[in-house]
Every structure is written in structure tokens, then in C-alpha cells.
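Chemist: As input, take upload.cif (mmCIF, C-alpha atoms):
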```
data_final
loop_
_atom_site.label_atom_id
_atom_site.label_comp_id
_atom_site.auth_asym_id
_atom_site.auth_seq_id
_atom_site.Cartn_x
_atom_site.Cartn_y
_atom_site.Cartn_z
CA MET S 1 -115.84 63.02 -76.82
CA THR S 2 -117.20 65.88 -74.73
CA LEU S 3 -115.22 67.71 -72.05
CA ALA S 4 -117.41 66.01 -69.42
CA HIS S 5 -116.51 62.58 -70.77
CA ALA S 6 -112.80 63.50 -70.89
CA ILE S 7 -112.89 64.66 -67.26
CA PHE S 8 -114.69 61.50 -66.20
CA TRP S 9 -112.24 59.19 -67.98
CA PHE S 10 -109.30 61.15 -66.59
CA VAL S 11 -110.60 60.43 -63.08
CA VAL S 12 -111.18 56.74 -63.87
CA ILE S 13 -107.67 56.32 -65.31
CA GLN S 14 -106.18 58.26 -62.39
CA ARG S 15 -107.95 55.96 -59.91
CA LEU S 16 -106.81 52.82 -61.74
CA LEU S 17 -103.19 54.02 -61.71
CA GLU S 18 -103.48 54.84 -58.01
CA LEU S 19 -104.90 51.39 -57.32
CA ALA S 20 -101.92 49.80 -59.05
CA PHE S 21 -99.54 51.94 -56.95
CA ALA S 22 -101.49 51.12 -53.78
CA ARG S 23 -101.48 47.37 -54.52
CA ARG S 24 -97.73 47.46 -55.07
CA ASN S 25 -97.21 49.35 -51.81
CA THR S 26 -99.57 47.01 -49.94
CA ARG S 27 -97.66 43.96 -51.16
CA ILE S 28 -94.31 45.46 -50.16
CA LEU S 29 -95.55 46.63 -46.75
CA LYS S 30 -96.99 43.19 -46.00
CA GLU S 31 -93.70 41.58 -47.04
CA GLN S 32 -92.04 43.88 -44.49
CA GLY S 33 -94.35 42.62 -41.74
CA GLY S 34 -97.14 45.15 -42.20
CA ILE S 35 -100.41 44.28 -40.51
CA GLU S 36 -103.71 45.11 -42.21
CA SER S 37 -106.51 46.47 -40.05
CA GLY S 38 -110.15 46.88 -40.96
CA ARG S 39 -110.49 44.41 -43.80
CA GLY S 40 -114.25 44.40 -43.25
CA HIS S 41 -114.76 47.98 -44.36
CA TYR S 42 -112.56 47.81 -47.46
CA PRO S 43 -115.14 46.16 -49.79
CA VAL S 44 -117.67 48.78 -48.65
CA ILE S 45 -115.26 51.57 -49.63
CA VAL S 46 -114.64 49.93 -53.02
CA LEU S 47 -118.40 49.58 -53.59
CA LEU S 48 -118.94 53.23 -52.66
CA HIS S 49 -116.33 54.48 -55.12
CA ILE S 50 -117.53 52.26 -57.97
CA SER S 51 -121.16 53.28 -57.35
CA TRP S 52 -120.13 56.94 -57.21
CA LEU S 53 -118.40 56.71 -60.59
CA VAL S 54 -121.28 54.77 -62.18
CA ALA S 55 -123.81 57.32 -60.91
CA ILE S 56 -121.70 60.19 -62.28
CA TRP S 57 -121.35 58.40 -65.63
CA LEU S 58 -125.10 57.90 -65.90
CA GLY S 59 -125.67 61.58 -65.13
CA ILE S 60 -123.15 62.66 -67.76
CA GLN S 61 -124.99 60.58 -70.35
CA ARG S 62 -128.09 62.73 -69.72
CA ASP S 63 -126.30 66.10 -69.44
CA PRO S 64 -122.63 66.43 -70.48
CA SER S 65 -122.27 70.09 -69.48
CA VAL S 66 -119.45 71.17 -67.13
CA ARG S 67 -119.58 73.70 -64.29
CA TRP S 68 -116.26 75.56 -64.06
CA PHE S 69 -116.21 76.60 -60.40
CA PRO S 70 -116.61 73.06 -59.00
CA LEU S 71 -114.10 71.86 -61.62
CA SER S 72 -111.50 74.36 -60.39
CA ILE S 73 -112.01 73.16 -56.81
CA PHE S 74 -111.81 69.53 -57.96
CA LEU S 75 -108.52 70.27 -59.77
CA LEU S 76 -107.13 71.91 -56.63
CA LEU S 77 -108.10 68.74 -54.73
CA GLN S 78 -106.08 66.72 -57.27
CA VAL S 79 -103.01 68.78 -56.39
CA MET S 80 -103.71 68.05 -52.71
CA ARG S 81 -104.15 64.34 -53.53
CA LEU S 82 -100.75 64.26 -55.25
CA TRP S 83 -99.20 66.03 -52.26
CA VAL S 84 -100.61 63.38 -49.91
CA ILE S 85 -99.45 60.50 -52.13
CA ALA S 86 -95.99 62.02 -52.62
CA THR S 87 -95.64 62.64 -48.88
CA LEU S 88 -96.60 59.09 -47.92
CA GLY S 89 -94.69 57.54 -50.82
CA ARG S 90 -94.26 53.83 -50.18
CA PHE S 91 -96.69 53.99 -47.26
CA TRP S 92 -99.64 55.20 -49.37
CA THR S 93 -102.23 52.47 -49.86
CA THR S 94 -105.98 52.21 -50.12
CA ARG S 95 -105.92 49.86 -47.14
CA VAL S 96 -104.90 50.39 -43.52
CA ILE S 97 -101.45 48.78 -43.29
CA SER S 98 -99.17 49.44 -40.34
CA VAL S 99 -95.54 48.35 -40.09
CA ALA S 100 -94.20 48.14 -36.54
CA GLY S 101 -91.13 50.27 -35.95
CA GLU S 102 -91.77 52.65 -38.83
CA PRO S 103 -92.14 56.29 -37.77
CA LEU S 104 -95.40 58.08 -38.40
CA VAL S 105 -95.32 60.61 -41.24
CA ARG S 106 -95.38 64.14 -39.83
CA ARG S 107 -94.39 66.19 -42.89
CA GLY S 108 -96.27 67.62 -45.85
CA PRO S 109 -100.00 67.90 -45.25
CA TYR S 110 -99.62 65.64 -42.19
CA ARG S 111 -98.10 68.63 -40.37
CA TYR S 112 -101.52 70.25 -40.50
CA PHE S 113 -104.07 67.42 -40.51
CA ALA S 114 -104.22 63.93 -39.04
CA HIS S 115 -105.99 62.54 -42.12
CA PRO S 116 -105.49 64.88 -45.10
CA ASN S 117 -106.24 62.13 -47.61
CA TYR S 118 -109.74 61.76 -46.21
CA LEU S 119 -110.34 65.51 -46.44
CA VAL S 120 -109.37 65.29 -50.12
CA VAL S 121 -111.67 62.28 -50.67
CA ILE S 122 -114.59 64.07 -48.99
CA GLY S 123 -114.00 67.05 -51.28
CA GLU S 124 -113.69 64.89 -54.39
CA ILE S 125 -116.82 62.88 -53.72
CA THR S 126 -118.71 66.13 -53.23
CA MET S 127 -117.20 68.21 -56.02
CA LEU S 128 -116.94 65.84 -58.99
CA PRO S 129 -120.71 65.32 -59.25
CA LEU S 130 -121.16 69.10 -58.89
CA VAL S 131 -118.82 69.59 -61.87
CA PHE S 132 -121.63 67.98 -63.88
CA GLY S 133 -124.52 69.63 -62.00
CA GLN S 134 -125.40 66.41 -60.15
CA VAL S 135 -126.43 67.85 -56.79
CA GLU S 136 -128.33 64.72 -55.72
CA ASN S 137 -125.28 62.51 -56.35
CA ALA S 138 -123.05 64.96 -54.48
CA VAL S 139 -125.29 64.98 -51.41
CA MET S 140 -126.06 61.25 -51.36
CA PHE S 141 -122.49 60.02 -51.88
CA THR S 142 -121.03 62.62 -49.51
CA LEU S 143 -123.32 61.44 -46.71
CA ILE S 144 -122.57 57.76 -47.38
CA ASN S 145 -118.85 58.52 -47.60
CA LEU S 146 -118.89 60.41 -44.29
CA ALA S 147 -120.46 57.41 -42.55
CA ILE S 148 -117.91 54.99 -44.04
CA LEU S 149 -115.00 57.33 -43.31
CA GLY S 150 -116.11 57.55 -39.69
CA TRP S 151 -115.68 53.77 -39.53
CA ARG S 152 -112.39 53.87 -41.44
CA ILE S 153 -110.86 56.63 -39.33
CA ARG S 154 -111.66 54.74 -36.10
CA VAL S 155 -109.93 51.66 -37.56
CA GLU S 156 -106.92 53.67 -38.72
CA ASN S 157 -106.59 55.61 -35.46
CA ALA S 158 -106.65 52.33 -33.50
CA ALA S 159 -103.90 50.88 -35.74
CA LEU S 160 -101.80 54.03 -35.38
CA GLU S 161 -102.31 54.06 -31.61
CA ARG S 162 -101.12 50.44 -31.37
CA ARG S 163 -98.05 51.45 -33.35
CA ARG S 164 -97.39 54.48 -31.10
CA THR S 165 -97.81 52.33 -27.98
CA LEU S 166 -95.45 49.65 -29.27
CA GLY S 167 -92.93 52.31 -30.32
CA ALA S 168 -93.07 53.96 -26.88
CA ARG S 169 -92.26 50.64 -25.19
CA ARG S 170 -89.04 50.19 -27.14
#
```
Please re-express this file's structure in C-alpha cells.
Modeler:
Amino acid sequence: MTLAHAIFWFVVIQRLLELAFARRNTRILKEQGGIESGRGHYPVIVLLHISWLVAIWLGIQRDPSVRWFPLSIFLLLQVMRLWVIATLGRFWTTRVISVAGEPLVRRGPYRYFAHPNYLVVIGEITMLPLVFGQVENAVMFTLINLAILGWRIRVENAALERRRTLGARR
């Protein structure tokens, strides 16, 4: 197995573990009365991420070399990703789930950014293809991701605003 293949499979396994954690959290949040917003965009996000990984895999099959500078940035983004997940804890999901009465998270990276997870995802979708010299994949998937995240952030902001409004009325 080449280093490129090992990096790729690390990312795939990481994503699968995160999905299991997110599904668990989603189930628990819904059991606690959590409301899901934006179900319509979720399959589009899943399709984007699967397509992104398939495109990277196909590129690695042609050229398994690794670029170290983008890899170092990608690894730094993984630290940021773990910081986001650790900060949100039981509230971290891949869906938009809001539980009335729960306070908004304002610590960790959320002290500095409204949506740090999405900044990490933008960086990852751009940098991982560049690790393997796949400039076309980096550009194409970054642009598609930005369009989808625009949709997602509007949905999430609306859900958070409803929660703030309800909390202010209490």
C-alpha cells in the first residue's frame, strides 16, 4: 500500500467513524425532542462527499504521489475538526438538529467563528485533492461545496434563530 492509499483510507475510516458518532447523536437529540431542519439538502451533501472521495480515489490510482505542504495543512485541519467535534460533543451531527431550551455553544472554536466546522470542511475538500496533485478535483468540489454550504448555512442559521427567539421568550 502506498502512502497515498494509506492517507485516503485513513480519511474514509475517519469519516465512517464520524458518521457513526453523528448517527448516535442524532438519535439521542431526536429522542430529546430535537427538530431536524433542512432534510432536503442532506442527500445532496452525502452525494457530494461520496463523489469527492471517489474522484480522489480514481486520481490516486493514476498517480499515487503525495504533496507534503497540502498534507500538512490537511493534518492541521484534522486537529481543527477534532476541536469542533470535541467542543460540540453530543450536539455534533451531520444533520441540522436543534433542541429547544438547549444553550448555543459559545466555547472552543465557536468563540471565534459562527460555523467553524464548515470552514474546516471547505479546507478539507480543497486540500485533500491537492495532497495528491488533483487541482481539477480541488477546484470543482470546492465550488460545488461552497454552493451547497450556502444552502446549508441558511438552513442552520434559520434553525438557530428560531431557537434564540424561543429562548428569549421564556
Chemist: Report, in Å to a single decimal, how far apart CA of Leu82 (chain S) and CA of Pro129 (chain S) are.
Modeler: 20.4 Å
Chemist: Contacts of Ser65 (chain S) at 12 Å or less, counting only C-alpha atoms, minus same-chain residues fewer than 3 places along, as a PyMOL selection string?
Modeler: chain S and resi 2-8+59-62+68+71+129-134
Chemist: When the PyMOL selection byres ((chain S and resi 28) around 12) is applied to the file above, which residues end up in the set, as a short mmCIF file (atom, residue, chain, number, x, y, z; two decimals) with C-alpha atoms, in the frame of the given file?
Modeler:
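To be explicit, this is the file written out as expr.cif:
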```
data_model
loop_
_atom_site.label_atom_id
_atom_site.label_comp_id
_atom_site.auth_asym_id
_atom_site.auth_seq_id
_atom_site.Cartn_x
_atom_site.Cartn_y
_atom_site.Cartn_z
CA PHE S 21 -99.54 51.94 -56.95
CA ALA S 22 -101.49 51.12 -53.78
CA ARG S 23 -101.48 47.37 -54.52
CA ARG S 24 -97.73 47.46 -55.07
CA ASN S 25 -97.21 49.35 -51.81
CA THR S 26 -99.57 47.01 -49.94
CA ARG S 27 -97.66 43.96 -51.16
CA LEU S 29 -95.55 46.63 -46.75
CA LYS S 30 -96.99 43.19 -46.00
CA GLU S 31 -93.70 41.58 -47.04
CA GLN S 32 -92.04 43.88 -44.49
CA GLY S 33 -94.35 42.62 -41.74
CA GLY S 34 -97.14 45.15 -42.20
CA ILE S 35 -100.41 44.28 -40.51
CA ARG S 90 -94.26 53.83 -50.18
CA PHE S 91 -96.69 53.99 -47.26
CA TRP S 92 -99.64 55.20 -49.37
CA THR S 93 -102.23 52.47 -49.86
CA ILE S 97 -101.45 48.78 -43.29
CA SER S 98 -99.17 49.44 -40.34
CA VAL S 99 -95.54 48.35 -40.09
#
```
Chemist: Return as a VMD selection string the set of residues that the PyMOL selection byres ((chain S and resi 140) around 12) yields on the displayed structure.
Modeler: chain S and resid 48 51 to 52 55 to 56 125 to 126 129 to 130 134 to 139 141 to 147
Chemist: Restricting it to C-alpha atoms, dump the selection as an mmCIF file, keeping the file's coordinate frame.
Modeler:
```cif
data_model
loop_
_atom_site.group_PDB
_atom_site.id
_atom_site.type_symbol
_atom_site.label_atom_id
_atom_site.label_comp_id
_atom_site.auth_asym_id
_atom_site.auth_seq_id
_atom_site.Cartn_x
_atom_site.Cartn_y
_atom_site.Cartn_z
ATOM 1 C CA LEU S 48 -118.940 53.230 -52.660
ATOM 2 C CA SER S 51 -121.160 53.280 -57.350
ATOM 3 C CA TRP S 52 -120.130 56.940 -57.210
ATOM 4 C CA ALA S 55 -123.810 57.320 -60.910
ATOM 5 C CA ILE S 56 -121.700 60.190 -62.280
ATOM 6 C CA ILE S 125 -116.820 62.880 -53.720
ATOM 7 C CA THR S 126 -118.710 66.130 -53.230
ATOM 8 C CA PRO S 129 -120.710 65.320 -59.250
ATOM 9 C CA LEU S 130 -121.160 69.100 -58.890
ATOM 10 C CA GLN S 134 -125.400 66.410 -60.150
ATOM 11 C CA VAL S 135 -126.430 67.850 -56.790
ATOM 12 C CA GLU S 136 -128.330 64.720 -55.720
ATOM 13 C CA ASN S 137 -125.280 62.510 -56.350
ATOM 14 C CA ALA S 138 -123.050 64.960 -54.480
ATOM 15 C CA VAL S 139 -125.290 64.980 -51.410
ATOM 16 C CA PHE S 141 -122.490 60.020 -51.880
ATOM 17 C CA THR S 142 -121.030 62.620 -49.510
ATOM 18 C CA LEU S 143 -123.320 61.440 -46.710
ATOM 19 C CA ILE S 144 -122.570 57.760 -47.380
ATOM 20 C CA ASN S 145 -118.850 58.520 -47.600
ATOM 21 C CA LEU S 146 -118.890 60.410 -44.290
ATOM 22 C CA ALA S 147 -120.460 57.410 -42.550
#
```
Chemist: Care to translate the PyMOL selection byres ((chain S and resi 103-118) around 7) into actual residues of this file, as JSON, numbers by chain?
Modeler: {"S": [81, 84, 87, 88, 101, 102, 119, 120, 121, 122]}
Chemist: Have a look at S:Leu47, S:Ala100, S:Ile13, S:Met127 and name the one nearest to Val66 (chain S); count all atoms listed in the file.
Modeler: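 Looking only at the distances to Val66 (chain S), the closest residue turns out to be S:Met127.
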Chemist: Please determine, counting all atoms listed in the file, which residue among S:Ile73, S:Arg95, S:Glu36, S:Val54 has the shortest atom-to-atom distance to Leu19 (chain S).
Modeler: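 Ranking S:Ile73, S:Arg95, S:Glu36, S:Val54 by distance to Leu19 (chain S), first place goes to S:Arg95.
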Chemist: What is the distance between CA of Gly38 (chain S) and CA of Phe10 (chain S), in Å to one decimal?
Modeler: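 Taking CA of Gly38 (chain S) and CA of Phe10 (chain S), their separation equals 29.3 Å.
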Chemist: Could you name the residues that touch Arg154 (chain S) at 12 Å or less, counting all atoms listed in the file, but leaving out those on the same chain fewer than 4 positions away, as an mmCIF file with C-alpha atoms, keeping the file's coordinate frame?
Modeler:
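Everything below was put into result.cif:
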```
data_model
loop_
_atom_site.group_PDB
_atom_site.id
_atom_site.type_symbol
_atom_site.label_atom_id
_atom_site.label_comp_id
_atom_site.auth_asym_id
_atom_site.auth_seq_id
_atom_site.Cartn_x
_atom_site.Cartn_y
_atom_site.Cartn_z
ATOM 1 C CA SER S 37 -106.510 46.470 -40.050
ATOM 2 C CA GLY S 38 -110.150 46.880 -40.960
ATOM 3 C CA HIS S 41 -114.760 47.980 -44.360
ATOM 4 C CA VAL S 96 -104.900 50.390 -43.520
ATOM 5 C CA HIS S 115 -105.990 62.540 -42.120
ATOM 6 C CA ALA S 147 -120.460 57.410 -42.550
ATOM 7 C CA ILE S 148 -117.910 54.990 -44.040
ATOM 8 C CA LEU S 149 -115.000 57.330 -43.310
ATOM 9 C CA GLY S 150 -116.110 57.550 -39.690
ATOM 10 C CA ALA S 158 -106.650 52.330 -33.500
ATOM 11 C CA ALA S 159 -103.900 50.880 -35.740
ATOM 12 C CA LEU S 160 -101.800 54.030 -35.380
ATOM 13 C CA GLU S 161 -102.310 54.060 -31.610
#
```
Chemist: Considering only C-alpha atoms, can you say which of S:Asp63, S:Glu18, S:Trp151, S:His49 comes closest to Ala86 (chain S)?
Modeler: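 Of S:Asp63, S:Glu18, S:Trp151, S:His49, the one nearest Ala86 (chain S), counting only C-alpha atoms, is S:Glu18.
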Chemist: Give me, please, the distance in Å between CA of Phe74 (chain S) and CA of Leu128 (chain S), quoted to one decimal.
Modeler: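 One can read the CA of Phe74 (chain S) to CA of Leu128 (chain S) distance as 6.4 Å.
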Chemist: All heavy atoms for region 135-146 of chain S, written as a PDB file, keeping the file's coordinate frame, could you do that?
Modeler:
```
ATOM      1  N   VAL S 135    -126.315  67.509 -58.212  1.00  0.00           N
ATOM      2  CA  VAL S 135    -126.430  67.850 -56.790  1.00  0.00           C
ATOM      3  C   VAL S 135    -126.872  66.643 -55.963  1.00  0.00           C
ATOM      4  O   VAL S 135    -126.329  66.389 -54.884  1.00  0.00           O
ATOM      5  CB  VAL S 135    -127.391  69.041 -56.601  1.00  0.00           C
ATOM      6  CG1 VAL S 135    -127.606  69.344 -55.130  1.00  0.00           C
ATOM      7  CG2 VAL S 135    -126.869  70.265 -57.342  1.00  0.00           C
ATOM      8  N   GLU S 136    -127.829  65.885 -56.480  1.00  0.00           N
ATOM      9  CA  GLU S 136    -128.330  64.720 -55.720  1.00  0.00           C
ATOM     10  C   GLU S 136    -127.207  63.707 -55.480  1.00  0.00           C
ATOM     11  O   GLU S 136    -127.068  63.170 -54.381  1.00  0.00           O
ATOM     12  CB  GLU S 136    -129.497  64.043 -56.444  1.00  0.00           C
ATOM     13  CG  GLU S 136    -130.704  64.937 -56.637  1.00  0.00           C
ATOM     14  CD  GLU S 136    -130.600  65.833 -57.884  1.00  0.00           C
ATOM     15  OE1 GLU S 136    -129.668  65.652 -58.700  1.00  0.00           O
ATOM     16  OE2 GLU S 136    -131.454  66.728 -58.024  1.00  0.00           O
ATOM     17  N   ASN S 137    -126.406  63.432 -56.506  1.00  0.00           N
ATOM     18  CA  ASN S 137    -125.280  62.510 -56.350  1.00  0.00           C
ATOM     19  C   ASN S 137    -124.271  63.058 -55.344  1.00  0.00           C
ATOM     20  O   ASN S 137    -123.723  62.310 -54.533  1.00  0.00           O
ATOM     21  CB  ASN S 137    -124.584  62.236 -57.683  1.00  0.00           C
ATOM     22  CG  ASN S 137    -125.327  61.229 -58.526  1.00  0.00           C
ATOM     23  OD1 ASN S 137    -126.157  60.483 -58.038  1.00  0.00           O
ATOM     24  ND2 ASN S 137    -125.029  61.212 -59.815  1.00  0.00           N
ATOM     25  N   ALA S 138    -124.010  64.350 -55.411  1.00  0.00           N
ATOM     26  CA  ALA S 138    -123.050  64.960 -54.480  1.00  0.00           C
ATOM     27  C   ALA S 138    -123.517  64.781 -53.040  1.00  0.00           C
ATOM     28  O   ALA S 138    -122.740  64.358 -52.179  1.00  0.00           O
ATOM     29  CB  ALA S 138    -122.868  66.444 -54.808  1.00  0.00           C
ATOM     30  N   VAL S 139    -124.768  65.074 -52.775  1.00  0.00           N
ATOM     31  CA  VAL S 139    -125.290  64.980 -51.410  1.00  0.00           C
ATOM     32  C   VAL S 139    -125.331  63.521 -50.951  1.00  0.00           C
ATOM     33  O   VAL S 139    -124.833  63.175 -49.866  1.00  0.00           O
ATOM     34  CB  VAL S 139    -126.693  65.618 -51.307  1.00  0.00           C
ATOM     35  CG1 VAL S 139    -127.342  65.331 -49.960  1.00  0.00           C
ATOM     36  CG2 VAL S 139    -126.606  67.123 -51.551  1.00  0.00           C
ATOM     37  N   MET S 140    -125.896  62.648 -51.755  1.00  0.00           N
ATOM     38  CA  MET S 140    -126.060  61.250 -51.360  1.00  0.00           C
ATOM     39  C   MET S 140    -124.702  60.579 -51.106  1.00  0.00           C
ATOM     40  O   MET S 140    -124.499  59.960 -50.056  1.00  0.00           O
ATOM     41  CB  MET S 140    -126.822  60.481 -52.448  1.00  0.00           C
ATOM     42  CG  MET S 140    -126.973  58.998 -52.139  1.00  0.00           C
ATOM     43  SD  MET S 140    -127.870  58.095 -53.415  1.00  0.00           S
ATOM     44  CE  MET S 140    -126.807  58.274 -54.826  1.00  0.00           C
ATOM     45  N   PHE S 141    -123.772  60.709 -52.038  1.00  0.00           N
ATOM     46  CA  PHE S 141    -122.490  60.020 -51.880  1.00  0.00           C
ATOM     47  C   PHE S 141    -121.625  60.668 -50.803  1.00  0.00           C
ATOM     48  O   PHE S 141    -120.850  59.981 -50.138  1.00  0.00           O
ATOM     49  CB  PHE S 141    -121.764  59.910 -53.221  1.00  0.00           C
ATOM     50  CG  PHE S 141    -122.352  58.839 -54.091  1.00  0.00           C
ATOM     51  CD1 PHE S 141    -123.212  59.147 -55.127  1.00  0.00           C
ATOM     52  CD2 PHE S 141    -122.071  57.499 -53.839  1.00  0.00           C
ATOM     53  CE1 PHE S 141    -123.777  58.154 -55.907  1.00  0.00           C
ATOM     54  CE2 PHE S 141    -122.618  56.489 -54.620  1.00  0.00           C
ATOM     55  CZ  PHE S 141    -123.488  56.822 -55.656  1.00  0.00           C
ATOM     56  N   THR S 142    -121.765  61.970 -50.601  1.00  0.00           N
ATOM     57  CA  THR S 142    -121.030  62.620 -49.510  1.00  0.00           C
ATOM     58  C   THR S 142    -121.496  62.078 -48.167  1.00  0.00           C
ATOM     59  O   THR S 142    -120.670  61.763 -47.302  1.00  0.00           O
ATOM     60  CB  THR S 142    -121.181  64.142 -49.572  1.00  0.00           C
ATOM     61  OG1 THR S 142    -120.591  64.612 -50.795  1.00  0.00           O
ATOM     62  CG2 THR S 142    -120.508  64.818 -48.384  1.00  0.00           C
ATOM     63  N   LEU S 143    -122.792  61.951 -47.982  1.00  0.00           N
ATOM     64  CA  LEU S 143    -123.320  61.440 -46.710  1.00  0.00           C
ATOM     65  C   LEU S 143    -122.897  59.983 -46.478  1.00  0.00           C
ATOM     66  O   LEU S 143    -122.481  59.618 -45.371  1.00  0.00           O
ATOM     67  CB  LEU S 143    -124.838  61.586 -46.660  1.00  0.00           C
ATOM     68  CG  LEU S 143    -125.354  63.023 -46.612  1.00  0.00           C
ATOM     69  CD1 LEU S 143    -126.867  63.056 -46.708  1.00  0.00           C
ATOM     70  CD2 LEU S 143    -124.853  63.744 -45.367  1.00  0.00           C
ATOM     71  N   ILE S 144    -122.996  59.170 -47.508  1.00  0.00           N
ATOM     72  CA  ILE S 144    -122.570  57.760 -47.380  1.00  0.00           C
ATOM     73  C   ILE S 144    -121.069  57.697 -47.083  1.00  0.00           C
ATOM     74  O   ILE S 144    -120.623  56.954 -46.200  1.00  0.00           O
ATOM     75  CB  ILE S 144    -122.920  56.963 -48.652  1.00  0.00           C
ATOM     76  CG1 ILE S 144    -124.437  56.868 -48.827  1.00  0.00           C
ATOM     77  CG2 ILE S 144    -122.302  55.567 -48.602  1.00  0.00           C
ATOM     78  CD1 ILE S 144    -124.874  56.364 -50.198  1.00  0.00           C
ATOM     79  N   ASN S 145    -120.299  58.490 -47.803  1.00  0.00           N
ATOM     80  CA  ASN S 145    -118.850  58.520 -47.600  1.00  0.00           C
ATOM     81  C   ASN S 145    -118.496  58.946 -46.181  1.00  0.00           C
ATOM     82  O   ASN S 145    -117.598  58.363 -45.567  1.00  0.00           O
ATOM     83  CB  ASN S 145    -118.201  59.453 -48.622  1.00  0.00           C
ATOM     84  CG  ASN S 145    -116.704  59.498 -48.492  1.00  0.00           C
ATOM     85  OD1 ASN S 145    -116.024  58.482 -48.491  1.00  0.00           O
ATOM     86  ND2 ASN S 145    -116.175  60.702 -48.366  1.00  0.00           N
ATOM     87  N   LEU S 146    -119.175  59.952 -45.650  1.00  0.00           N
ATOM     88  CA  LEU S 146    -118.890  60.410 -44.290  1.00  0.00           C
ATOM     89  C   LEU S 146    -119.119  59.290 -43.279  1.00  0.00           C
ATOM     90  O   LEU S 146    -118.326  59.119 -42.344  1.00  0.00           O
ATOM     91  CB  LEU S 146    -119.725  61.636 -43.945  1.00  0.00           C
ATOM     92  CG  LEU S 146    -119.309  62.929 -44.643  1.00  0.00           C
ATOM     93  CD1 LEU S 146    -120.327  64.030 -44.371  1.00  0.00           C
ATOM     94  CD2 LEU S 146    -117.904  63.355 -44.233  1.00  0.00           C
TER      95      LEU S 146
END
```
